[in-house]
Amino acid sequence: MLKCSSRSGNVLFVWPWQGAKAVEEKIEKHLRQSLDYEVKTFIRTESEIGAIARYKPFTESQRNSARALCVGFLTEVLGPEEKRA
């Protein structure tokens, strides 16, 4: 199964589990061949996405007053300096 969002670049799919690195490499290779330029990818599992959806860093009042809540995905954990920036 494959679902794609053309606005965000996110793709959701079901794939026989081979480990994230192996799948990332296959996707990157295919994108390089198809597009003729490098596209870095990374995998998040269903349980990782679920944990992100359940995480509530803001109070209900803060969430209600916000115009939007954005989530960014990174390939590596930010270091202390990056967090401060």
# chains A, B, ... in the order shown; residues from 1 in each chain; ligands from 1

$ residues_around --residues "range 72-83 of chain A" --least-positions-apart "5" --cutoff "9 Å" --atoms "only C-alpha atoms" --output "PyMOL selection string"
chain A and resi 41-44

$ select_by_dssp --residues "chain A" --states "strand (DSSP E)" --output "list in words"
Leu2, Lys3, Cys4, Val11, Leu12 and Phe13 of chain A

$ residues_around --residues "Glu25 in chain A" --least-positions-apart "5" --cutoff "12 Å" --atoms "only C-alpha atoms" --output "PyMOL selection string"
chain A and resi 18-20+30-32+38-43

$ atom_distance --atom1 "CA of Tyr37 in chain A" --atom2 "CA of Val23 in chain A"
18.2 Å

$ select_by_dssp --residues "chain A" --states "helix (DSSP H, G or I)" --output "PyMOL selection string"
chain A and resi 20-35+46-54+60-65+80-84

$ write_last_selection --atoms "N, CA and C atoms" --output "JSON list (two decimals), in the first residue's frame"
[["chain", "number", "residue", "atom", "x", "y", "z"],
["A", 20, "ALA", "N", 15.32, -0.34, 8.62],
["A", 20, "ALA", "CA", 15.13, 0.99, 8.05],
["A", 20, "ALA", "C", 16.23, 1.34, 7.05],
["A", 21, "LYS", "N", 17.47, 1.04, 7.36],
["A", 21, "LYS", "CA", 18.58, 1.44, 6.49],
["A", 21, "LYS", "C", 18.46, 0.80, 5.11],
["A", 22, "ALA", "N", 18.12, -0.48, 5.06],
["A", 22, "ALA", "CA", 17.98, -1.18, 3.77],
["A", 22, "ALA", "C", 16.88, -0.56, 2.93],
["A", 23, "VAL", "N", 15.75, -0.24, 3.57],
["A", 23, "VAL", "CA", 14.62, 0.36, 2.84],
["A", 23, "VAL", "C", 14.99, 1.77, 2.37],
["A", 24, "GLU", "N", 15.62, 2.55, 3.24],
["A", 24, "GLU", "CA", 16.05, 3.89, 2.84],
["A", 24, "GLU", "C", 16.95, 3.85, 1.62],
["A", 25, "GLU", "N", 17.90, 2.93, 1.63],
["A", 25, "GLU", "CA", 18.83, 2.82, 0.51],
["A", 25, "GLU", "C", 18.12, 2.45, -0.78],
["A", 26, "LYS", "N", 17.14, 1.54, -0.72],
["A", 26, "LYS", "CA", 16.39, 1.16, -1.91],
["A", 26, "LYS", "C", 15.58, 2.35, -2.45],
["A", 27, "ILE", "N", 14.94, 3.07, -1.56],
["A", 27, "ILE", "CA", 14.15, 4.23, -1.98],
["A", 27, "ILE", "C", 15.05, 5.29, -2.60],
["A", 28, "GLU", "N", 16.17, 5.60, -1.94],
["A", 28, "GLU", "CA", 17.09, 6.61, -2.45],
["A", 28, "GLU", "C", 17.64, 6.22, -3.83],
["A", 29, "LYS", "N", 17.98, 4.95, -3.99],
["A", 29, "LYS", "CA", 18.49, 4.48, -5.29],
["A", 29, "LYS", "C", 17.44, 4.66, -6.38],
["A", 30, "HIS", "N", 16.20, 4.27, -6.10],
["A", 30, "HIS", "CA", 15.12, 4.40, -7.08],
["A", 30, "HIS", "C", 14.87, 5.87, -7.42],
["A", 31, "LEU", "N", 14.83, 6.73, -6.40],
["A", 31, "LEU", "CA", 14.61, 8.16, -6.66],
["A", 31, "LEU", "C", 15.74, 8.75, -7.49],
["A", 32, "ARG", "N", 16.97, 8.34, -7.20],
["A", 32, "ARG", "CA", 18.13, 8.85, -7.97],
["A", 32, "ARG", "C", 18.02, 8.44, -9.43],
["A", 33, "GLN", "N", 17.63, 7.19, -9.66],
["A", 33, "GLN", "CA", 17.48, 6.71, -11.04],
["A", 33, "GLN", "C", 16.31, 7.39, -11.74],
["A", 34, "SER", "N", 15.22, 7.61, -11.03],
["A", 34, "SER", "CA", 14.02, 8.19, -11.62],
["A", 34, "SER", "C", 14.13, 9.69, -11.85],
["A", 35, "LEU", "N", 14.75, 10.40, -10.91],
["A", 35, "LEU", "CA", 14.77, 11.87, -10.96],
["A", 35, "LEU", "C", 16.09, 12.45, -11.44],
["A", 46, "GLU", "N", 5.52, 2.71, 12.29],
["A", 46, "GLU", "CA", 4.17, 3.03, 12.76],
["A", 46, "GLU", "C", 4.18, 3.37, 14.25],
["A", 47, "SER", "N", 4.95, 2.63, 15.04],
["A", 47, "SER", "CA", 4.99, 2.92, 16.48],
["A", 47, "SER", "C", 5.67, 4.26, 16.76],
["A", 48, "GLU", "N", 6.67, 4.62, 15.99],
["A", 48, "GLU", "CA", 7.31, 5.94, 16.16],
["A", 48, "GLU", "C", 6.34, 7.06, 15.83],
["A", 49, "ILE", "N", 5.58, 6.91, 14.75],
["A", 49, "ILE", "CA", 4.59, 7.92, 14.38],
["A", 49, "ILE", "C", 3.51, 8.01, 15.45],
["A", 50, "GLY", "N", 3.09, 6.87, 16.00],
["A", 50, "GLY", "CA", 2.10, 6.86, 17.07],
["A", 50, "GLY", "C", 2.59, 7.60, 18.30],
["A", 51, "ALA", "N", 3.86, 7.39, 18.67],
["A", 51, "ALA", "CA", 4.43, 8.09, 19.83],
["A", 51, "ALA", "C", 4.46, 9.60, 19.60],
["A", 52, "ILE", "N", 4.76, 10.00, 18.39],
["A", 52, "ILE", "CA", 4.77, 11.42, 18.05],
["A", 52, "ILE", "C", 3.37, 12.00, 18.15],
["A", 53, "ALA", "N", 2.38, 11.27, 17.67],
["A", 53, "ALA", "CA", 0.99, 11.74, 17.71],
["A", 53, "ALA", "C", 0.49, 11.87, 19.15],
["A", 54, "ARG", "N", 0.96, 11.01, 20.04],
["A", 54, "ARG", "CA", 0.53, 11.05, 21.43],
["A", 54, "ARG", "C", 1.27, 12.09, 22.27],
["A", 60, "GLU", "N", -3.33, 22.38, 26.78],
["A", 60, "GLU", "CA", -4.53, 22.46, 25.93],
["A", 60, "GLU", "C", -4.81, 23.92, 25.55],
["A", 61, "SER", "N", -4.62, 24.83, 26.48],
["A", 61, "SER", "CA", -4.83, 26.26, 26.21],
["A", 61, "SER", "C", -3.89, 26.75, 25.12],
["A", 62, "GLN", "N", -2.62, 26.36, 25.20],
["A", 62, "GLN", "CA", -1.66, 26.75, 24.16],
["A", 62, "GLN", "C", -2.04, 26.17, 22.80],
["A", 63, "ARG", "N", -2.47, 24.92, 22.78],
["A", 63, "ARG", "CA", -2.87, 24.29, 21.52],
["A", 63, "ARG", "C", -4.09, 24.99, 20.94],
["A", 64, "ASN", "N", -5.06, 25.33, 21.79],
["A", 64, "ASN", "CA", -6.28, 25.97, 21.31],
["A", 64, "ASN", "C", -6.01, 27.37, 20.74],
["A", 65, "SER", "N", -5.03, 28.07, 21.27],
["A", 65, "SER", "CA", -4.75, 29.42, 20.80],
["A", 65, "SER", "C", -3.79, 29.45, 19.61],
["A", 80, "PRO", "N", 23.01, 19.83, 21.70],
["A", 80, "PRO", "CA", 22.65, 20.96, 22.56],
["A", 80, "PRO", "C", 22.68, 22.31, 21.85],
["A", 81, "GLU", "N", 23.68, 22.55, 21.01],
["A", 81, "GLU", "CA", 23.76, 23.84, 20.31],
["A", 81, "GLU", "C", 22.64, 24.01, 19.30],
["A", 82, "GLU", "N", 22.31, 22.93, 18.58],
["A", 82, "GLU", "CA", 21.22, 23.00, 17.62],
["A", 82, "GLU", "C", 19.88, 23.25, 18.33],
["A", 83, "LYS", "N", 19.70, 22.63, 19.48],
["A", 83, "LYS", "CA", 18.46, 22.83, 20.25],
["A", 83, "LYS", "C", 18.33, 24.29, 20.68],
["A", 84, "ARG", "N", 19.43, 24.87, 21.15],
["A", 84, "ARG", "CA", 19.40, 26.27, 21.59],
["A", 84, "ARG", "C", 19.07, 27.21, 20.42]]

$ decode --residues "range 45-80 of chain A" --atoms "N, CA and C atoms" --output "mmCIF file, in the first residue's frame"
data_model
loop_
_atom_site.group_PDB
_atom_site.id
_atom_site.type_symbol
_atom_site.label_atom_id
_atom_site.label_comp_id
_atom_site.auth_asym_id
_atom_site.auth_seq_id
_atom_site.Cartn_x
_atom_site.Cartn_y
_atom_site.Cartn_z
ATOM 1 N N THR A 45 8.791 4.242 11.807
ATOM 2 C CA THR A 45 7.863 3.111 11.927
ATOM 3 C C THR A 45 6.501 3.590 12.407
ATOM 4 N N GLU A 46 5.515 2.713 12.292
ATOM 5 C CA GLU A 46 4.169 3.031 12.758
ATOM 6 C C GLU A 46 4.180 3.374 14.248
ATOM 7 N N SER A 47 4.947 2.635 15.041
ATOM 8 C CA SER A 47 4.992 2.918 16.477
ATOM 9 C C SER A 47 5.668 4.256 16.764
ATOM 10 N N GLU A 48 6.673 4.622 15.987
ATOM 11 C CA GLU A 48 7.314 5.935 16.164
ATOM 12 C C GLU A 48 6.338 7.063 15.831
ATOM 13 N N ILE A 49 5.579 6.911 14.752
ATOM 14 C CA ILE A 49 4.589 7.924 14.377
ATOM 15 C C ILE A 49 3.508 8.014 15.448
ATOM 16 N N GLY A 50 3.091 6.869 15.995
ATOM 17 C CA GLY A 50 2.099 6.860 17.066
ATOM 18 C C GLY A 50 2.591 7.599 18.300
ATOM 19 N N ALA A 51 3.858 7.394 18.665
ATOM 20 C CA ALA A 51 4.426 8.088 19.828
ATOM 21 C C ALA A 51 4.457 9.595 19.595
ATOM 22 N N ILE A 52 4.764 9.996 18.387
ATOM 23 C CA ILE A 52 4.772 11.424 18.046
ATOM 24 C C ILE A 52 3.368 11.997 18.151
ATOM 25 N N ALA A 53 2.380 11.267 17.667
ATOM 26 C CA ALA A 53 0.989 11.742 17.708
ATOM 27 C C ALA A 53 0.485 11.872 19.150
ATOM 28 N N ARG A 54 0.963 11.006 20.036
ATOM 29 C CA ARG A 54 0.526 11.051 21.434
ATOM 30 C C ARG A 54 1.269 12.089 22.268
ATOM 31 N N TYR A 55 2.411 12.540 21.807
ATOM 32 C CA TYR A 55 3.235 13.485 22.567
ATOM 33 C C TYR A 55 2.543 14.845 22.628
ATOM 34 N N LYS A 56 2.416 15.398 23.805
ATOM 35 C CA LYS A 56 1.723 16.677 24.006
ATOM 36 C C LYS A 56 2.677 17.681 24.672
ATOM 37 N N PRO A 57 3.499 18.375 23.912
ATOM 38 C CA PRO A 57 4.465 19.303 24.512
ATOM 39 C C PRO A 57 3.841 20.614 24.988
ATOM 40 N N PHE A 58 2.593 20.876 24.626
ATOM 41 C CA PHE A 58 1.938 22.133 24.969
ATOM 42 C C PHE A 58 0.661 21.859 25.753
ATOM 43 N N THR A 59 0.259 22.831 26.547
ATOM 44 C CA THR A 59 -0.993 22.709 27.292
ATOM 45 C C THR A 59 -2.162 22.800 26.322
ATOM 46 N N GLU A 60 -3.331 22.383 26.783
ATOM 47 C CA GLU A 60 -4.526 22.464 25.935
ATOM 48 C C GLU A 60 -4.806 23.918 25.552
ATOM 49 N N SER A 61 -4.623 24.835 26.479
ATOM 50 C CA SER A 61 -4.833 26.259 26.210
ATOM 51 C C SER A 61 -3.885 26.754 25.118
ATOM 52 N N GLN A 62 -2.624 26.362 25.197
ATOM 53 C CA GLN A 62 -1.657 26.755 24.164
ATOM 54 C C GLN A 62 -2.043 26.174 22.804
ATOM 55 N N ARG A 63 -2.475 24.921 22.784
ATOM 56 C CA ARG A 63 -2.873 24.294 21.521
ATOM 57 C C ARG A 63 -4.092 24.987 20.936
ATOM 58 N N ASN A 64 -5.056 25.327 21.788
ATOM 59 C CA ASN A 64 -6.279 25.971 21.305
ATOM 60 C C ASN A 64 -6.012 27.370 20.739
ATOM 61 N N SER A 65 -5.027 28.068 21.269
ATOM 62 C CA SER A 65 -4.747 29.424 20.799
ATOM 63 C C SER A 65 -3.791 29.453 19.606
ATOM 64 N N ALA A 66 -3.190 28.338 19.283
ATOM 65 C CA ALA A 66 -2.248 28.289 18.160
ATOM 66 C C ALA A 66 -3.004 28.220 16.836
ATOM 67 N N ARG A 67 -2.429 28.809 15.830
ATOM 68 C CA ARG A 67 -3.021 28.714 14.489
ATOM 69 C C ARG A 67 -2.668 27.399 13.809
ATOM 70 N N ALA A 68 -1.515 26.848 14.192
ATOM 71 C CA ALA A 68 -1.067 25.594 13.583
ATOM 72 C C ALA A 68 -0.082 24.904 14.516
ATOM 73 N N LEU A 69 0.031 23.617 14.369
ATOM 74 C CA LEU A 69 1.035 22.839 15.073
ATOM 75 C C LEU A 69 1.801 22.066 14.010
ATOM 76 N N CYS A 70 3.071 22.327 13.913
ATOM 77 C CA CYS A 70 3.901 21.683 12.890
ATOM 78 C C CYS A 70 4.850 20.693 13.548
ATOM 79 N N VAL A 71 5.068 19.589 12.876
ATOM 80 C CA VAL A 71 5.994 18.569 13.337
ATOM 81 C C VAL A 71 7.058 18.408 12.271
ATOM 82 N N GLY A 72 8.302 18.476 12.677
ATOM 83 C CA GLY A 72 9.422 18.277 11.745
ATOM 84 C C GLY A 72 10.118 16.965 12.054
ATOM 85 N N PHE A 73 10.513 16.246 11.038
ATOM 86 C CA PHE A 73 11.219 14.986 11.204
ATOM 87 C C PHE A 73 12.676 15.181 10.806
ATOM 88 N N LEU A 74 13.563 14.711 11.649
ATOM 89 C CA LEU A 74 14.994 14.833 11.415
ATOM 90 C C LEU A 74 15.609 13.449 11.305
ATOM 91 N N THR A 75 16.736 13.360 10.617
ATOM 92 C CA THR A 75 17.406 12.067 10.506
ATOM 93 C C THR A 75 18.226 11.748 11.749
ATOM 94 N N GLU A 76 18.627 12.780 12.517
ATOM 95 C CA GLU A 76 19.431 12.576 13.721
ATOM 96 C C GLU A 76 18.913 13.457 14.846
ATOM 97 N N VAL A 77 19.210 13.069 16.063
ATOM 98 C CA VAL A 77 18.836 13.855 17.236
ATOM 99 C C VAL A 77 19.660 15.137 17.249
ATOM 100 N N LEU A 78 19.016 16.260 17.578
ATOM 101 C CA LEU A 78 19.727 17.527 17.668
ATOM 102 C C LEU A 78 20.658 17.535 18.866
ATOM 103 N N GLY A 79 21.820 18.153 18.680
ATOM 104 C CA GLY A 79 22.755 18.349 19.778
ATOM 105 C C GLY A 79 22.347 19.576 20.583
ATOM 106 N N PRO A 80 23.012 19.830 21.698
ATOM 107 C CA PRO A 80 22.654 20.960 22.563
ATOM 108 C C PRO A 80 22.676 22.312 21.847
#
